[in-house]
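**Q** Got my_file11.txt for you, compact mmCIF, C-alpha atoms:
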```txt
# COMPACT_ATOMS: atom_id res chain seq x y z
CA MET A 1 112.63 137.84 102.62
CA SER A 2 113.75 136.34 99.30
CA SER A 3 117.20 137.97 99.52
CA ILE A 4 117.60 136.66 103.08
CA ALA A 5 116.66 133.15 101.89
CA ALA A 6 119.16 133.40 99.07
CA GLN A 7 121.93 134.53 101.42
CA ALA A 8 121.07 131.72 103.85
CA ALA A 9 121.37 129.18 101.04
CA SER A 10 124.73 130.63 100.07
CA ASP A 11 125.90 130.31 103.66
CA ARG A 12 124.59 126.76 103.99
CA TYR A 13 125.96 125.30 100.78
CA GLY A 14 128.79 127.63 99.77
CA ILE A 15 127.31 128.52 96.37
CA SER A 16 125.89 131.65 94.81
CA VAL A 17 122.12 131.59 94.32
CA PRO A 18 119.60 134.14 93.05
CA ALA A 19 116.99 135.85 95.21
CA ILE A 20 113.62 134.23 94.66
CA ASP A 21 110.02 134.35 95.83
CA PRO A 22 108.10 131.05 96.18
CA THR A 23 107.48 129.46 99.56
CA ILE A 24 107.07 125.70 99.12
CA LEU A 25 105.31 123.33 101.51
CA ALA A 26 106.68 119.80 101.08
CA THR A 27 104.53 117.16 102.78
CA THR A 28 105.54 113.64 103.96
CA SER A 29 109.14 114.70 104.43
CA ARG A 30 110.20 111.24 105.67
CA MET A 31 110.58 109.75 102.20
CA PRO A 32 114.09 109.53 100.71
CA PHE A 33 113.01 111.42 97.61
CA ALA A 34 111.49 114.09 99.88
CA VAL A 35 114.84 114.43 101.64
CA ASP A 36 116.45 114.84 98.24
CA GLU A 37 113.99 117.36 96.81
CA ILE A 38 113.99 119.48 99.98
CA HIS A 39 117.80 119.50 99.90
CA LYS A 40 117.84 120.49 96.23
CA LEU A 41 115.41 123.35 96.76
CA GLY A 42 117.56 124.58 99.63
CA VAL A 43 120.65 124.51 97.42
CA THR A 44 118.93 126.76 94.88
CA GLY A 45 117.77 129.19 97.54
CA ARG A 46 114.10 128.35 97.78
CA ARG A 47 112.19 128.76 101.02
CA VAL A 48 110.88 125.32 101.97
CA ILE A 49 108.53 124.36 104.80
CA ALA A 50 108.53 120.62 105.58
CA ALA A 51 105.70 118.65 107.18
CA ASP A 52 105.11 115.09 108.32
CA THR A 53 103.17 113.17 110.93
CA PHE A 54 106.17 112.75 113.25
CA SER A 55 108.78 115.28 114.26
CA SER A 56 111.85 113.17 113.48
CA ALA A 57 111.02 112.74 109.78
CA PRO A 58 114.46 113.04 108.11
CA GLY A 59 113.53 115.59 105.46
CA SER A 60 112.19 117.96 108.11
CA HIS A 61 115.77 118.31 109.40
CA SER A 62 117.45 118.97 106.07
CA ARG A 63 119.22 122.30 105.84
CA GLY A 64 116.98 122.86 102.86
CA ALA A 65 113.98 123.23 105.19
CA SER A 66 113.70 126.62 106.85
CA LYS A 67 110.94 125.37 109.16
CA HIS A 68 109.06 122.15 109.82
CA PHE A 69 105.68 121.14 111.23
CA THR A 70 104.13 117.98 112.63
CA VAL A 71 100.64 117.33 111.23
CA PRO A 72 97.91 114.72 111.83
CA ALA A 73 97.95 111.51 109.79
CA PRO A 74 96.07 111.99 106.50
CA THR A 75 94.97 108.35 106.36
CA GLN A 76 93.52 108.15 109.86
CA GLU A 77 92.76 111.84 110.57
CA THR A 78 91.95 113.35 107.19
CA GLU A 79 89.89 116.30 108.42
CA ALA A 80 92.51 117.34 110.97
CA PHE A 81 95.28 116.88 108.39
CA ILE A 82 93.62 119.19 105.86
CA ALA A 83 92.91 121.78 108.55
CA ALA A 84 96.57 121.71 109.60
CA ILE A 85 97.77 122.15 106.02
CA VAL A 86 95.46 125.14 105.55
CA ASP A 87 96.78 126.66 108.77
CA ILE A 88 100.39 126.27 107.56
CA ILE A 89 99.53 127.80 104.19
CA ASP A 90 98.00 130.79 105.99
CA ALA A 91 100.72 131.21 108.59
CA GLU A 92 103.70 130.81 106.25
CA ASN A 93 102.27 132.43 103.10
CA VAL A 94 102.82 129.20 101.17
CA THR A 95 102.64 129.62 97.39
CA TRP A 96 103.52 126.06 96.26
CA LEU A 97 102.19 122.78 97.63
CA LEU A 98 104.51 119.89 96.79
CA PRO A 99 103.27 116.48 98.09
CA MET A 100 105.78 113.65 98.30
CA PHE A 101 103.61 110.56 98.81
CA GLU A 102 100.01 109.34 98.88
CA GLU A 103 98.82 112.22 101.02
CA VAL A 104 98.41 113.74 97.57
CA PHE A 105 95.06 111.92 97.30
CA TYR A 106 93.69 113.60 100.41
CA LEU A 107 95.00 116.97 99.29
CA ALA A 108 93.52 116.54 95.81
CA TYR A 109 90.15 115.43 97.19
CA HIS A 110 90.00 118.65 99.22
CA ARG A 111 91.43 120.80 96.42
CA ASP A 112 88.68 123.42 96.62
CA ARG A 113 89.23 123.82 100.34
CA LEU A 114 92.94 124.41 99.85
CA LEU A 115 92.31 127.05 97.19
CA ALA A 116 89.62 128.88 99.15
CA GLY A 117 91.22 132.18 100.09
CA HIS A 118 94.43 131.17 98.27
CA PRO A 119 93.63 131.66 94.57
CA ASP A 120 97.32 131.97 93.66
CA LEU A 121 98.39 128.79 95.45
CA GLU A 122 100.15 126.42 93.06
CA LEU A 123 98.89 122.87 93.62
CA PHE A 124 101.54 120.83 91.86
CA PHE A 125 99.38 117.73 91.41
CA PRO A 126 96.35 116.73 89.32
CA ASP A 127 92.74 116.43 90.43
CA PHE A 128 91.58 113.42 92.44
CA SER A 129 89.94 111.47 89.59
CA THR A 130 93.08 111.71 87.43
CA LEU A 131 95.26 110.53 90.31
CA HIS A 132 92.91 107.65 91.05
CA ARG A 133 92.85 106.51 87.43
CA VAL A 134 96.59 105.82 87.36
CA HIS A 135 96.90 104.66 90.97
CA ASP A 136 94.40 101.83 90.49
CA LYS A 137 96.39 99.14 88.69
CA VAL A 138 93.28 97.87 86.90
CA THR A 139 92.34 101.21 85.34
CA PHE A 140 96.02 102.02 84.74
CA ALA A 141 96.44 98.83 82.69
CA GLU A 142 93.32 99.74 80.72
CA LEU A 143 94.72 103.22 80.05
CA CYS A 144 98.03 101.77 78.81
CA ARG A 145 96.24 99.41 76.41
CA SER A 146 94.14 102.25 75.05
CA LEU A 147 97.34 104.20 74.32
CA ASN A 148 99.11 101.20 72.75
CA LEU A 149 101.70 101.07 75.52
CA PRO A 150 102.97 97.53 76.26
CA VAL A 151 101.37 95.96 79.31
CA ALA A 152 101.26 92.32 80.36
CA GLU A 153 98.05 90.40 79.87
CA SER A 154 96.22 90.31 83.19
CA ILE A 155 93.07 88.99 84.82
CA THR A 156 91.21 90.98 87.47
CA ALA A 157 89.95 89.00 90.45
CA THR A 158 87.23 90.36 92.74
CA ASN A 159 86.69 87.25 94.90
CA ASP A 160 88.53 84.14 96.08
CA ASP A 161 87.24 81.88 93.31
CA GLU A 162 88.25 84.31 90.57
CA LEU A 163 91.70 84.66 92.11
CA ARG A 164 92.34 80.93 92.09
CA ALA A 165 90.96 80.53 88.60
CA ALA A 166 93.25 83.32 87.40
CA THR A 167 96.38 81.73 88.89
CA ALA A 168 95.54 78.51 87.04
CA HIS A 169 95.78 80.41 83.75
CA TRP A 170 99.60 80.35 83.82
CA GLU A 171 102.18 77.91 85.13
CA HIS A 172 104.20 80.81 86.58
CA TRP A 173 102.08 83.69 87.84
CA PHE A 174 102.31 86.96 89.75
CA ALA A 175 99.40 88.55 91.66
CA ARG A 176 99.20 92.01 93.23
CA ALA A 177 96.63 94.24 94.84
CA ALA A 178 95.18 97.01 92.71
CA TYR A 179 96.13 99.52 95.41
CA GLY A 180 99.35 97.93 96.63
CA ARG A 181 102.61 99.82 96.66
CA GLY A 182 106.33 99.49 97.39
CA GLY A 183 106.47 95.78 96.60
CA LEU A 184 103.83 95.04 99.23
CA ASP A 185 100.59 93.10 98.70
CA VAL A 186 102.04 90.65 96.19
CA VAL A 187 101.81 86.87 95.88
CA THR A 188 103.66 84.72 93.37
CA ASN A 189 104.71 81.12 92.83
CA THR A 190 107.97 82.09 91.10
CA GLY A 191 111.06 84.16 91.86
CA PRO A 192 112.54 85.51 95.12
CA LEU A 193 109.14 86.32 96.65
CA ALA A 194 107.64 82.90 95.90
CA ALA A 195 105.77 81.36 98.81
CA GLU A 196 106.50 84.35 101.06
CA THR A 197 102.76 85.00 101.30
CA SER A 198 100.11 82.32 100.96
CA LEU A 199 97.37 82.72 98.38
CA ASP A 200 94.97 81.66 101.13
CA ALA A 201 95.70 84.93 102.92
CA VAL A 202 94.42 87.01 99.99
CA HIS A 203 90.72 87.82 99.67
CA PRO A 204 89.93 90.17 96.78
CA THR A 205 86.69 92.14 96.66
CA ALA A 206 85.03 94.40 94.12
CA ASP A 207 86.37 97.40 96.05
CA ASP A 208 89.80 95.84 96.57
CA PRO A 209 90.55 93.78 93.45
CA TRP A 210 93.75 91.92 92.60
CA LEU A 211 95.48 91.56 89.24
CA VAL A 212 96.97 88.24 88.18
CA GLN A 213 99.35 87.95 85.25
CA GLU A 214 101.99 85.68 83.83
CA TYR A 215 105.31 85.93 85.66
CA LEU A 216 107.68 87.70 83.28
CA LYS A 217 111.44 87.65 83.62
CA GLY A 218 113.36 90.81 82.96
CA VAL A 219 115.04 93.91 84.37
CA ASP A 220 113.13 96.36 86.56
CA ARG A 221 113.33 99.98 85.48
CA CYS A 222 111.69 103.07 86.92
CA SER A 223 111.16 106.59 85.64
CA TRP A 224 110.38 109.97 87.18
CA SER A 225 109.18 113.11 85.44
CA VAL A 226 108.27 116.70 86.17
CA VAL A 227 105.27 117.69 84.04
CA HIS A 228 103.58 121.02 83.36
CA HIS A 229 100.08 120.83 81.91
CA GLY A 230 100.73 117.70 79.87
CA GLU A 231 104.33 118.37 78.82
CA VAL A 232 107.28 116.53 80.37
CA VAL A 233 110.06 119.04 81.12
CA LEU A 234 112.45 116.84 83.15
CA HIS A 235 112.77 113.05 82.91
CA SER A 236 115.00 110.37 84.37
CA CYS A 237 115.02 106.60 84.05
CA TYR A 238 116.97 104.38 86.40
CA GLU A 239 117.63 100.84 87.46
CA HIS A 240 118.25 99.71 91.02
CA PRO A 241 121.20 97.31 91.06
CA LEU A 242 120.53 96.76 94.75
CA ALA A 243 117.14 96.38 96.49
CA ILE A 244 116.08 95.87 100.09
CA ASP A 245 114.38 92.55 100.83
CA ASN A 246 113.75 92.08 97.07
CA ARG A 247 111.45 95.10 97.10
CA GLY A 248 112.39 98.79 97.12
CA GLY A 249 115.64 99.86 95.48
CA ILE A 250 118.44 101.31 97.65
CA VAL A 251 120.93 102.07 94.87
CA PHE A 252 119.74 104.03 91.83
CA GLU A 253 121.65 104.36 88.54
CA SER A 254 120.40 106.41 85.61
CA VAL A 255 120.11 104.65 82.24
CA ASP A 256 119.26 105.67 78.69
CA SER A 257 115.64 104.77 77.97
CA PRO A 258 113.77 106.50 75.12
CA GLU A 259 110.95 104.00 75.76
CA SER A 260 110.32 105.31 79.27
CA LEU A 261 110.29 108.91 78.02
CA HIS A 262 107.80 108.00 75.29
CA ALA A 263 105.51 106.33 77.83
CA ALA A 264 105.68 109.28 80.21
CA GLN A 265 104.99 111.78 77.44
CA THR A 266 102.11 109.72 76.06
CA ILE A 267 100.32 109.43 79.39
CA ALA A 268 101.09 112.99 80.49
CA ARG A 269 99.58 114.42 77.30
CA GLU A 270 96.56 112.13 77.43
CA LEU A 271 95.74 113.15 81.00
CA ASN A 272 97.01 116.75 80.80
CA TRP A 273 99.12 115.85 83.83
CA HIS A 274 100.45 118.60 86.08
CA GLY A 275 102.92 117.60 88.77
CA GLN A 276 105.41 114.80 89.33
CA ILE A 277 104.74 111.31 87.97
CA SER A 278 106.67 108.04 88.05
CA PHE A 279 106.38 104.66 86.36
CA ASP A 280 107.67 101.15 86.89
CA PHE A 281 108.61 98.96 83.90
CA LEU A 282 109.72 95.40 83.35
CA VAL A 283 112.14 95.17 80.41
CA THR A 284 112.15 91.70 78.88
CA ASP A 285 114.96 90.19 76.80
CA ASP A 286 113.36 91.47 73.60
CA GLY A 287 113.75 95.06 74.84
CA VAL A 288 110.03 95.66 75.39
CA HIS A 289 109.30 98.01 78.31
CA HIS A 290 106.17 96.49 79.84
CA MET A 291 104.20 99.02 81.90
CA VAL A 292 103.87 97.74 85.48
CA GLU A 293 102.41 100.58 87.54
CA CYS A 294 102.24 104.32 88.05
CA ASN A 295 103.22 106.25 91.15
CA PRO A 296 101.52 109.66 90.86
CA ARG A 297 104.26 111.36 92.87
CA PRO A 298 108.06 111.59 93.02
CA THR A 299 110.24 108.51 93.36
CA ALA A 300 113.98 107.93 93.59
CA GLY A 301 114.45 109.13 90.01
CA CYS A 302 114.59 112.67 91.36
CA THR A 303 117.79 111.88 93.25
CA ILE A 304 119.81 111.62 90.03
CA ALA A 305 118.77 115.06 88.78
CA THR A 306 120.85 118.07 89.80
CA PRO A 307 119.46 120.87 91.99
CA GLU A 308 119.58 123.22 89.03
CA GLU A 309 117.72 120.77 86.77
CA PHE A 310 115.00 120.23 89.35
CA ASP A 311 114.62 123.92 90.22
CA ALA A 312 114.35 124.93 86.57
CA ALA A 313 111.83 122.17 85.87
CA LEU A 314 109.57 123.47 88.64
CA PHE A 315 109.89 127.21 88.29
CA ASP A 316 111.36 128.01 84.87
CA PRO A 317 110.54 125.10 82.53
CA GLY A 318 111.90 125.30 79.03
CA GLU A 319 113.34 122.67 76.71
CA LEU A 320 112.96 119.05 77.78
CA VAL A 321 115.87 117.86 79.95
CA VAL A 322 116.64 114.13 80.14
CA VAL A 323 119.03 112.95 82.85
CA PRO A 324 122.01 111.25 81.15
CA PRO A 325 123.01 107.67 81.98
CA GLY A 326 125.65 106.87 84.56
CA ARG A 327 124.59 108.99 87.52
CA LYS A 328 124.24 107.03 90.76
CA LYS A 329 122.78 107.60 94.25
CA MET A 330 122.25 105.29 97.22
CA ILE A 331 120.59 105.04 100.60
CA LYS A 332 123.80 104.29 102.44
CA ALA A 333 122.28 103.13 105.74
CA ALA A 334 120.14 100.58 103.89
CA VAL A 335 123.17 99.27 102.00
CA ILE A 336 125.06 98.84 105.29
CA ARG A 337 122.03 97.22 106.93
CA ASP A 338 121.81 94.69 104.12
CA VAL A 339 125.47 93.76 104.55
CA LEU A 340 125.07 93.38 108.32
CA MET A 341 122.07 91.13 107.87
CA HIS A 342 123.60 89.23 104.94
CA PRO A 343 127.44 89.26 105.18
CA SER A 344 127.67 87.22 101.99
CA HIS A 345 126.29 90.26 100.10
CA TRP A 346 129.42 92.33 100.84
CA LYS A 347 131.10 92.06 97.44
CA THR A 348 127.87 92.45 95.50
CA ASN A 349 126.79 95.46 97.52
CA ARG A 350 130.17 97.13 97.26
CA ALA A 351 130.13 96.77 93.48
CA ALA A 352 126.54 98.02 93.20
CA ALA A 353 127.19 101.07 95.40
CA LYS A 354 130.56 102.02 93.91
CA GLY A 355 130.54 105.66 92.84
CA ALA A 356 127.14 106.38 94.38
CA ALA A 357 126.59 109.51 96.46
CA GLY A 358 124.28 109.37 99.45
CA VAL A 359 120.68 110.59 99.53
CA TYR A 360 120.52 111.26 103.29
CA ASP A 361 124.09 112.54 103.68
CA GLN A 362 124.67 115.29 101.15
CA ARG A 363 127.18 118.12 101.15
CA LYS A 364 126.77 120.30 104.25
CA ASP A 365 123.49 118.53 104.99
CA HIS A 366 124.02 115.51 107.25
CA LEU A 367 121.20 115.75 109.80
CA PRO A 368 118.75 113.72 107.66
CA LEU A 369 121.11 110.75 108.05
CA LEU A 370 121.00 111.08 111.82
CA TYR A 371 117.23 111.48 111.83
CA SER A 372 116.80 108.45 109.61
CA ALA A 373 118.03 106.48 112.62
CA LEU A 374 116.04 108.50 115.16
CA SER A 375 112.89 108.03 113.11
CA LEU A 376 113.01 104.31 113.89
CA GLN A 377 110.70 105.24 116.75
CA HIS A 378 108.09 105.49 114.02
CA VAL A 379 108.72 101.80 113.33
CA ALA A 380 107.95 101.00 116.96
CA LYS A 381 104.74 103.02 116.76
CA TYR A 382 103.76 101.12 113.63
CA ARG A 383 104.35 97.77 115.32
CA ARG A 384 102.24 98.78 118.28
CA GLN A 385 99.37 100.01 116.14
CA LEU A 386 99.24 97.25 113.55
CA GLY A 387 101.00 94.35 115.22
CA VAL A 388 103.43 93.65 112.40
CA ASP A 389 105.66 90.60 112.67
CA ARG A 390 109.26 91.82 113.06
CA LYS A 391 110.50 88.93 110.95
CA LYS A 392 108.48 89.83 107.88
CA GLY A 393 110.66 91.23 105.14
CA GLU A 394 108.05 93.79 104.12
CA GLN A 395 107.84 95.39 107.57
CA LEU A 396 110.47 98.11 107.05
CA VAL A 397 108.86 99.09 103.76
CA ALA A 398 105.33 99.10 105.21
CA THR A 399 106.45 101.32 108.09
CA GLN A 400 106.97 104.17 105.65
CA PHE A 401 103.35 104.08 104.55
CA PHE A 402 100.81 103.22 107.23
CA ASP A 403 99.67 106.76 108.09
CA VAL A 404 100.06 108.38 104.65
CA LEU A 405 98.78 105.73 102.27
CA TYR A 406 95.67 105.68 100.12
CA ASP A 407 94.06 102.27 99.56
CA GLY A 408 91.26 103.27 97.19
CA SER A 409 88.58 103.64 99.82
CA SER A 410 86.28 106.66 99.96
CA ILE A 411 87.61 109.85 101.54
CA GLY A 412 85.46 111.84 103.91
```
Could you show the structure in this file as structure tokens?

**A**
Amino acid sequence: MSSIAAQAASDRYGISVPAIDPTILATTSRMPFAVDEIHKLGVTGRRVIAADTFSSAPGSHSRGASKHFTVPAPTQETEAFIAAIVDIIDAENVTWLLPMFEEVFYLAYHRDRLLAGHPDLELFFPDFSTLHRVHDKVTFAELCRSLNLPVAESITATNDDELRAATAHWEHWFARAAYGRGGLDVVTNTGPLAAETSLDAVHPTADDPWLVQEYLKGVDRCSWSVVHHGEVVLHSCYEHPLAIDNRGGIVFESVDSPESLHAAQTIARELNWHGQISFDFLVTDDGVHHMVECNPRPTAGCTIATPEEFDAALFDPGELVVVPPGRKKMIKAAVIRDVLMHPSHWKTNRAAAKGAAGVYDQRKDHLPLLYSALSLQHVAKYRRQLGVDRKKGEQLVATQFFDVLYDGSSIG
């Protein structure tokens, strides 16, 4: 089977690849970084099975995926989701489980169930408590302070009165939910998102706290790392010169950042991390990389690594590899959408995207681009289920998450 997979990869991508053994199950294949990682693994001849909650998920149609499955939603149907994953592992002889988004929390919570009868299954993610510690922005900030990593002073609010008292602490402030993600669940009185959401609409609780901090000006940077048992083996740091609706980046350019590598290594060693891990930073004018949040999963930083770098980091880790500055990728459809919605952005967008290769439209692998359009039916389903206002800027971002997110609540 491995020689057949290798020959298929050679036919698909026109390169010579070695025969290999692992069968990888990549979950939540809709995400752009899932599209990228599935493609990369196909290029290097790996056998990849893709899974998501809807059949048109773009990564499921990458040439890197030899087969794909539709599974129940982990957030709303956890028991059925885990059962489906176990069935795929059994049916396809899966040897590596590679989660791409917050379904990792549901998988980690049911870790023992996944390993039952599959003692050699590689779960490339930490245990649930470790994941939760960095996902919760309150405990993540505490961890950073304990490790002497720069983090902005913050106040935790667990009710309405505490929230308002915290915002009075600074003239310019920024508030965000402890379990928010993707630029969602934020309120501020300064910057491009000011007044987009009213403070009156936010109601923190002890189980769903909010952090309030001084609004800092600076450059957003993000990092992504592959880690084996506490040691970073592949690392990239990038900036996004272009973002969608002032939230998620849609152009990614690698930069030199020893500070981000130091932070990733420090936390990975402290937690004996095993899997992919990503961080957001705010770099102020004095060069300080303030820790903002952790995403215990891949992010767009993977797109600027080569297939060979990523494959080696997973299956044959050796010396640390740091992605050099100057590499660039983009989500082309999002760049075009932004220009269509804001024609005045044309020159800025063209400059930001210059020299960037596409994430969804890679060499000999163009179906994910088509399915990124077809998957808009998932947006319609989201609107029907949750009644999201079409005019809200966060809607397209939120659509990616509603059935695969983890909001800190207990898992059954």

**Q** Hey, what's within 10 Å of Leu374 in chain A if we count only C-alpha atoms and toss same-chain stuff fewer than 2 positions away? As a list in words, please?

**A** Ser55, Ser56, Ala57, Pro58, Pro368, Leu369, Leu370, Tyr371, Ser372, Leu376, Gln377 and His378 of chain A

**Q** Do you know which residues are at most 12 Å from range 158-162 of chain A counting all atoms listed in the file, after dropping those on the same chain fewer than 5 positions away, and could you put them as an NGL selection string?

**A** :A and (138 or 167-169 or 175 or 177-178 or 199-212)

**Q** Got time to write the residues from that selection, C-alpha atoms, as an mmCIF file, keeping the file's coordinate frame?

**A**
```
data_model
loop_
_atom_site.group_PDB
_atom_site.id
_atom_site.type_symbol
_atom_site.label_atom_id
_atom_site.label_comp_id
_atom_site.auth_asym_id
_atom_site.auth_seq_id
_atom_site.Cartn_x
_atom_site.Cartn_y
_atom_site.Cartn_z
ATOM 1 C CA VAL A 138 93.280 97.870 86.900
ATOM 2 C CA THR A 167 96.380 81.730 88.890
ATOM 3 C CA ALA A 168 95.540 78.510 87.040
ATOM 4 C CA HIS A 169 95.780 80.410 83.750
ATOM 5 C CA ALA A 175 99.400 88.550 91.660
ATOM 6 C CA ALA A 177 96.630 94.240 94.840
ATOM 7 C CA ALA A 178 95.180 97.010 92.710
ATOM 8 C CA LEU A 199 97.370 82.720 98.380
ATOM 9 C CA ASP A 200 94.970 81.660 101.130
ATOM 10 C CA ALA A 201 95.700 84.930 102.920
ATOM 11 C CA VAL A 202 94.420 87.010 99.990
ATOM 12 C CA HIS A 203 90.720 87.820 99.670
ATOM 13 C CA PRO A 204 89.930 90.170 96.780
ATOM 14 C CA THR A 205 86.690 92.140 96.660
ATOM 15 C CA ALA A 206 85.030 94.400 94.120
ATOM 16 C CA ASP A 207 86.370 97.400 96.050
ATOM 17 C CA ASP A 208 89.800 95.840 96.570
ATOM 18 C CA PRO A 209 90.550 93.780 93.450
ATOM 19 C CA TRP A 210 93.750 91.920 92.600
ATOM 20 C CA LEU A 211 95.480 91.560 89.240
ATOM 21 C CA VAL A 212 96.970 88.240 88.180
#
```

**Q** Can you work out the spacing between CA of Gly230 in chain A and CA of Cys294 in chain A in Å, to one decimal?

**A** 15.8 Å

**Q** Padding of 3 Å on every side, edges along x, y and z, all listed atoms of range 114-121 of chain A included: what centre and edge lengths in Å, to one decimal, does that box have, as JSON?

**A**
```
{"center_x": 94.0, "center_y": 128.3, "center_z": 96.9, "size_x": 14.8, "size_y": 13.8, "size_z": 12.4}
```

**Q** Suppose you want the space between CA of Leu121 in chain A and CA of Glu308 in chain A; what is it in Å?

**A**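 Interatomic distance here is 22.8 Å.
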
**Q** For the atom pair CA of Tyr109 in chain A and CA of Glu270 in chain A, what is the interatomic distance in Å to one decimal place?

**A**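 Answer for the CA of Tyr109 in chain A to CA of Glu270 in chain A separation: 21.0 Å.
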
**Q** Could you check the closest approach to Glu103 in chain A for each of A:Pro72, A:Pro119, A:Pro258, A:Gly59 and tell me which residue wins, using all atoms listed in the file?

**A** A:Pro72

**Q** Here is a test: counting all atoms listed in the file, which residue of A:Ala268, A:Ser60, A:Phe402, A:Pro126 is nearest to Lys381 in chain A?

**A** A:Phe402

**Q** Identify which of the residues A:Asp285, A:Asp220, A:Asp52, A:Glu196 lies closest to Phe101 in chain A, counting all atoms listed in the file when measuring atom-to-atom distances.

**A**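 Under the stated criterion, the closest residue is A:Asp52.
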
**Q** Counting only C-alpha atoms, figure out which residue out of A:Ala65, A:Leu97, A:Met31, A:Ala264 gets nearest to Thr53 in chain A.

**A**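 Under the stated criterion, the closest residue is A:Met31.
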